[in-house]
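Written out below as structure tokens is the structure these notes cover.
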Amino acid sequence: MTVGQVARDIGRSRTTVQRLLKNGYLRRFEGGIAESSFETFLREHPDLVPYAKLAPAQREWLVLNGFRDQALAVKAPSVRGLLD
């Protein structure tokens, strides 16, 4: 992922994303930002994302990529019964 993509996805500036990289919240991979690092960032630092200010489509995309929205009442998937 590029710095610009991450900035757009989390509703922050490119400068802020550069600061997140510098402070270790995100890490680089092959010249971009590692997707696994981005997913971890969304799960562990939701306070750094201005979630309420984002468009609904952006919020949905973030949730699908690991962001925990406390307003959503989603039950965790279960494999119970599938392996019996």
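Note on naming: chains are A, B, ... as they come in the structure tokens, residues start from 1 per chain, ligands start from 1 in the order shown.
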Backbone DSSP call of strand (DSSP E) for chain A, listed as a list in words: Arg28, Phe29, Gly32 and Ile33 of chain A
Env of Pro46 of chain A: 8 Å cut, atoms = only C-alpha atoms, seq-sep filter 5 positions within chain, self excluded. Answer as an MDAnalysis selection string. chainID A and resid 41 67:68
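The environment of segment 21-38 of chain A within 7 Å, counting only C-alpha atoms and disregarding residues fewer than 6 places along the same chain, consists of A:Met1, A:Thr2, A:Val3.
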Filtering to C-alpha atoms, could you give me those residues as an mmCIF file, in the first residue's frame?
data_model
loop_
_atom_site.group_PDB
_atom_site.id
_atom_site.type_symbol
_atom_site.label_atom_id
_atom_site.label_comp_id
_atom_site.auth_asym_id
_atom_site.auth_seq_id
_atom_site.Cartn_x
_atom_site.Cartn_y
_atom_site.Cartn_z
ATOM 1 C CA MET A 1 0.000 0.000 0.000
ATOM 2 C CA THR A 2 1.234 3.509 -0.687
ATOM 3 C CA VAL A 3 1.345 6.327 1.831
#
For atom CA of Leu42 of chain A and atom CA of Asn65 of chain A, quote the distance in Å rounded to one decimal. 7.6 Å
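Minimum atom-to-atom distance to Glu39 of chain A, evaluated using only C-alpha atoms, belongs to A:Val6 out of A:Val17, A:Ala71, A:Val6, A:Ala55.
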Check the DSSP output for the backbone and give back, as a count of residues only, the residues of chain A in helix (DSSP H, G or I). 42
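Of note, atom CA of Asp69 of chain A and atom CA of Ala57 of chain A are spaced 13.5 Å apart.
One finds atom CA of Arg12 of chain A at 7.6 Å from atom CA of Val49 of chain A.
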Shell of 9 Å around Gly4 of chain A, only C-alpha atoms, local chain residues under 5 positions omitted, as a VMD selection string: chain A and resid 9 13 to 14 17
Same residues, C-alpha atoms, output as a PDB file, in the first residue's frame:
ATOM      1  CA  ASP A   9      -8.310   5.062   3.704  1.00  0.00           C
ATOM      2  CA  SER A  13      -2.883  13.393   5.703  1.00  0.00           C
ATOM      3  CA  ARG A  14       0.188  11.908   4.046  1.00  0.00           C
ATOM      4  CA  VAL A  17       0.929   8.579   7.787  1.00  0.00           C
TER       5      VAL A  17
END
